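**Student:** To start, I am sharing the structure in question, which I have written as structure tokens.
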Amino acid sequence: KILKNDGSIFYLAANKLALTSICSLLSDSEIHSSYTNIFFLSYLFPKVSCVSTMAVSTIKSGTETYMSLYPETSTDGGLRLGNVVPDFSADTTQGKMYSFHEWKEGKWAILFSHPADFTPVCTTEIGRLALKYDRLQELDCKVATLSVDPVKSHEEWLTDVVAHCENKIEIKFPIIGDPDRNISTLYGMIDAGTSGEQALPLTIRAVFIINPENKLMLSLNYPACVGRNMDEIVRCVEALQLSYQKSIATPANWPNNHADMLVNGVRTDEFKGSVFLLPTVSPEEALENFPEYHTCDVPSKIDYLRLVKKEDVEAYENRTKEAAEVFSATGTSVKYDVDGGEETQWA
């Protein structure tokens, strides 16, 4: 309300408050529907180094429309995809977390639960997750793990985790203590009605991947006897961010998909690692943003399998980045000839 009513956005930006935090307070129509406002702020305050372009796709019929199909709240109190995840405070191995939402503000985040400290599978999982931490940081994705053990137990157990992993790991993410099981219950990882009767109440092995708007984008549930694959979790973050930023969907086995397909009577591998346009993307915006997309021929003759090559996705990203840099430096919009003569404005 302050930002919208009295122009304090300029005071806050000048004082180097993260612009991603400012953006998270504005509505979709005010900021997330376009890169322009973010770049405008960057242009006004070039010394503020925390500007993030991790914005939702500018393709109106794409991610924004697609996400509107998922409700922000559930009618029965369950946590489902698209819902805003519950906020909570907790003690962690890195000190007090007063608000989960504030801790991850404006960023992607993974909340990763393990059943119990001093158990074999959990020991390997935390070790392998630590090995992927730097890659997740590159993706601007925060990580927090959790079990129903107290923080003191976590701290003692982590010496075993480090010792068992042979890669000289360092645990750089917080591990949340949830001895009263409040967080585990909020997120559906444990049944509060029956856990008190159990000799060893365990959370499931859960993974929640949450977007910058605190919406649940993906959840994985595993039993206590099956360890998770950290490469798959990283792949999921990469795929979700691509979809969020570029209005695309990743096929099965991406990025190793479509390695051999028939195009115009010739077998080719040029579509390996390609992605689909989201079903909601209109034909007009598909042509405007990805003019080289390929529609797969199928018996139904319905044009819904619209592939975009990896290099075309990268070209789209490079155009938006270049436009951002030019606008930040000069305040000037940039136009590109991307569809055979008609100019498309990118900034």
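Residues in the structure tokens are numbered from 1 in each chain, the chains being A, B, ... in the order shown, and ligands are numbered from 1 in the order shown.
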Select from segment 53-250 of chain A everything DSSP, run on the backbone, classes as strand (DSSP E), then give the selection as an MDAnalysis selection string.
**Tutor:** chainID A and resid 90:92 95:97 108:113 141:147 175:177 205:210 216:222 248:249
**Student:** Which polymer residues have any atom within 8 Å of an atom of Leu218 of chain A, counting only C-alpha atoms, with same-chain residues fewer than 6 positions away left out, as a PyMOL selection string?
**Tutor:** chain A and resi 81+207-210
**Student:** For the residues selected in the previous step, produce a file with N, CA and C atoms as a short mmCIF file (atom, residue, chain, number, x, y, z; two decimals), in the first residue's frame.
**Tutor:**
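File selection.cif, as written:
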```
data_model
loop_
_atom_site.label_atom_id
_atom_site.label_comp_id
_atom_site.auth_asym_id
_atom_site.auth_seq_id
_atom_site.Cartn_x
_atom_site.Cartn_y
_atom_site.Cartn_z
N LEU A 81 -1.28 -28.10 -6.29
CA LEU A 81 -0.52 -27.29 -7.23
C LEU A 81 -1.24 -25.98 -7.52
N VAL A 207 9.01 -33.31 -1.48
CA VAL A 207 9.70 -32.20 -2.13
C VAL A 207 8.64 -31.22 -2.60
N PHE A 208 8.76 -29.97 -2.19
CA PHE A 208 7.87 -28.91 -2.65
C PHE A 208 8.72 -27.87 -3.38
N ILE A 209 8.42 -27.64 -4.65
CA ILE A 209 9.11 -26.59 -5.40
C ILE A 209 8.15 -25.43 -5.56
N ILE A 210 8.57 -24.25 -5.11
CA ILE A 210 7.69 -23.11 -4.93
C ILE A 210 8.22 -21.93 -5.74
#
```
**Student:** Find the spatial neighbours of segment 311-317 of chain A, counting only C-alpha atoms, within a cut-off of 9 Å - ignore same-chain residues fewer than 4 positions away - and output them as a list in words.
**Tutor:** Lys246, Ser274, Val275, Asn289, Phe290, Pro291, Glu292, Tyr293, Lys321 and Glu322 of chain A
**Student:** Write a file of the just-selected residues containing C-alpha atoms, as a JSON list (two decimals), in the first residue's frame.
**Tutor:**
```json
[["chain", "number", "residue", "atom", "x", "y", "z"],
["A", 246, "LYS", "CA", 9.07, -18.54, -21.66],
["A", 274, "SER", "CA", 13.28, -29.13, -27.86],
["A", 275, "VAL", "CA", 10.26, -27.97, -25.88],
["A", 289, "ASN", "CA", 7.78, -15.01, -30.26],
["A", 290, "PHE", "CA", 8.90, -18.33, -31.75],
["A", 291, "PRO", "CA", 8.43, -17.96, -35.53],
["A", 292, "GLU", "CA", 10.44, -21.12, -36.31],
["A", 293, "TYR", "CA", 8.32, -23.48, -34.22],
["A", 321, "LYS", "CA", 18.37, -9.93, -22.42],
["A", 322, "GLU", "CA", 19.80, -7.63, -25.08]]
```
**Student:** At a cut-off of 9 Å, using only C-alpha atoms, what residues contact segment 234-237 of chain A? Leave out same-chain residues fewer than 6 positions from it and give the result as an mmCIF file with N, CA, C and O atoms, in the first residue's frame.
**Tutor:**
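This went into around.cif:
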```cif
data_model
loop_
_atom_site.group_PDB
_atom_site.id
_atom_site.type_symbol
_atom_site.label_atom_id
_atom_site.label_comp_id
_atom_site.auth_asym_id
_atom_site.auth_seq_id
_atom_site.Cartn_x
_atom_site.Cartn_y
_atom_site.Cartn_z
ATOM 1 N N TRP A 108 12.686 -18.614 -6.172
ATOM 2 C CA TRP A 108 12.249 -19.998 -6.171
ATOM 3 C C TRP A 108 12.790 -20.656 -4.912
ATOM 4 O O TRP A 108 13.809 -20.225 -4.362
ATOM 5 N N ILE A 110 12.987 -24.665 -2.628
ATOM 6 C CA ILE A 110 12.672 -26.078 -2.413
ATOM 7 C C ILE A 110 12.533 -26.309 -0.918
ATOM 8 O O ILE A 110 13.439 -25.951 -0.146
ATOM 9 N N LYS A 132 24.356 -30.681 -4.924
ATOM 10 C CA LYS A 132 23.604 -29.944 -5.953
ATOM 11 C C LYS A 132 23.318 -28.494 -5.544
ATOM 12 O O LYS A 132 22.725 -27.740 -6.319
ATOM 13 N N ARG A 135 24.532 -25.585 -7.872
ATOM 14 C CA ARG A 135 23.743 -25.489 -9.111
ATOM 15 C C ARG A 135 22.391 -24.841 -8.831
ATOM 16 O O ARG A 135 21.928 -23.998 -9.613
ATOM 17 N N LEU A 136 21.771 -25.190 -7.724
ATOM 18 C CA LEU A 136 20.489 -24.586 -7.371
ATOM 19 C C LEU A 136 20.644 -23.095 -7.069
ATOM 20 O O LEU A 136 19.761 -22.299 -7.383
ATOM 21 N N LEU A 139 20.569 -21.212 -10.157
ATOM 22 C CA LEU A 139 19.192 -21.079 -10.628
ATOM 23 C C LEU A 139 18.376 -20.126 -9.755
ATOM 24 O O LEU A 139 17.168 -19.979 -9.941
ATOM 25 N N CYS A 141 17.570 -20.485 -6.694
ATOM 26 C CA CYS A 141 16.598 -21.307 -5.973
ATOM 27 C C CYS A 141 17.124 -21.607 -4.579
ATOM 28 O O CYS A 141 18.192 -22.205 -4.424
ATOM 29 N N ILE A 209 8.424 -27.643 -4.649
ATOM 30 C CA ILE A 209 9.114 -26.592 -5.403
ATOM 31 C C ILE A 209 8.148 -25.427 -5.563
ATOM 32 O O ILE A 209 7.033 -25.596 -6.073
ATOM 33 N N LEU A 218 5.311 -27.795 -7.944
ATOM 34 C CA LEU A 218 5.542 -29.229 -8.094
ATOM 35 C C LEU A 218 5.711 -29.845 -6.714
ATOM 36 O O LEU A 218 6.307 -29.244 -5.821
ATOM 37 N N TRP A 254 12.875 -34.797 -21.162
ATOM 38 C CA TRP A 254 13.648 -33.593 -21.461
ATOM 39 C C TRP A 254 14.832 -33.503 -20.496
ATOM 40 O O TRP A 254 14.679 -33.796 -19.320
ATOM 41 N N PRO A 255 16.024 -33.132 -20.988
ATOM 42 C CA PRO A 255 16.376 -32.583 -22.310
ATOM 43 C C PRO A 255 16.867 -33.638 -23.317
ATOM 44 O O PRO A 255 17.543 -33.290 -24.291
#
```
**Student:** Taking into account only C-alpha atoms, which residue in the set A:Gly77, A:Pro179, A:Gly273, A:Pro71 is nearest to Lys152 of chain A?
**Tutor:** A:Pro179
**Student:** Which residues are close to segment 294-306 of chain A, i.e. within 7 Å by only C-alpha atoms, leaving aside same-chain residues fewer than 4 positions away? Reply as a list of chain:residue names.
**Tutor:**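 In the requested form, the answer reads A:Phe276, A:Leu277, A:Pro279.
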**Student:** For Met97 of chain A, please output as a list in words all residues within 12 Å (counting only C-alpha atoms; exclusion window: fewer than 2 positions along the same chain).
**Tutor:** Asp87, Phe88, Ser89, Ala90, Asp91, Thr92, Thr93, Gln94, Gly95, Ser99, Phe100, His101, Glu102, Trp103, Lys104, Ala144, Pro174, Ile175, Ile176 and Gly177 of chain A
**Student:** Okay, now the selection with C-alpha atoms, as a PDB file, in the first residue's frame?
**Tutor:**
```pdb
ATOM      1  CA  ASP A  87       3.819 -19.474   5.849  1.00  0.00           C
ATOM      2  CA  PHE A  88       5.509 -20.530   9.075  1.00  0.00           C
ATOM      3  CA  SER A  89       8.256 -19.649  11.545  1.00  0.00           C
ATOM      4  CA  ALA A  90      10.761 -22.202  12.807  1.00  0.00           C
ATOM      5  CA  ASP A  91      14.122 -22.837  14.433  1.00  0.00           C
ATOM      6  CA  THR A  92      16.776 -24.047  11.994  1.00  0.00           C
ATOM      7  CA  THR A  93      20.447 -25.027  11.962  1.00  0.00           C
ATOM      8  CA  GLN A  94      21.134 -21.499  10.685  1.00  0.00           C
ATOM      9  CA  GLY A  95      19.101 -19.691  13.336  1.00  0.00           C
ATOM     10  CA  SER A  99       8.813 -16.247   8.103  1.00  0.00           C
ATOM     11  CA  PHE A 100       9.307 -18.822   5.360  1.00  0.00           C
ATOM     12  CA  HIS A 101       7.721 -16.430   2.847  1.00  0.00           C
ATOM     13  CA  GLU A 102      10.103 -13.621   3.813  1.00  0.00           C
ATOM     14  CA  TRP A 103      13.103 -15.967   3.815  1.00  0.00           C
ATOM     15  CA  LYS A 104      12.442 -16.919   0.165  1.00  0.00           C
ATOM     16  CA  ALA A 144      15.512 -25.703   3.172  1.00  0.00           C
ATOM     17  CA  PRO A 174      19.161 -24.633   6.779  1.00  0.00           C
ATOM     18  CA  ILE A 175      17.578 -27.741   8.272  1.00  0.00           C
ATOM     19  CA  ILE A 176      14.314 -26.949  10.026  1.00  0.00           C
ATOM     20  CA  GLY A 177      13.368 -28.498  13.344  1.00  0.00           C
TER      21      GLY A 177
END
```
**Student:** Return the single residue from A:Ala109, A:Ala239, A:Cys165, A:Leu146 that is closest to Ser184 of chain A, with distances computed using only C-alpha atoms.
**Tutor:**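 For Ser184 of chain A, the nearest of the given residues is A:Leu146.
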**Student:** Identify all residues of segment 111-308 of chain A in helix (DSSP H, G or I) (DSSP on the backbone) and supply them as a ChimeraX atom specification.
**Tutor:** /A:120-138,151-164,182-186,192-195,230-246,283-289
**Student:** Could you check how far atom CA of Asn256 of chain A sits from atom CA of Lys272 of chain A, in Å to one decimal?
**Tutor:**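 Atom-to-atom, atom CA of Asn256 of chain A and atom CA of Lys272 of chain A are spaced 6.2 Å apart.
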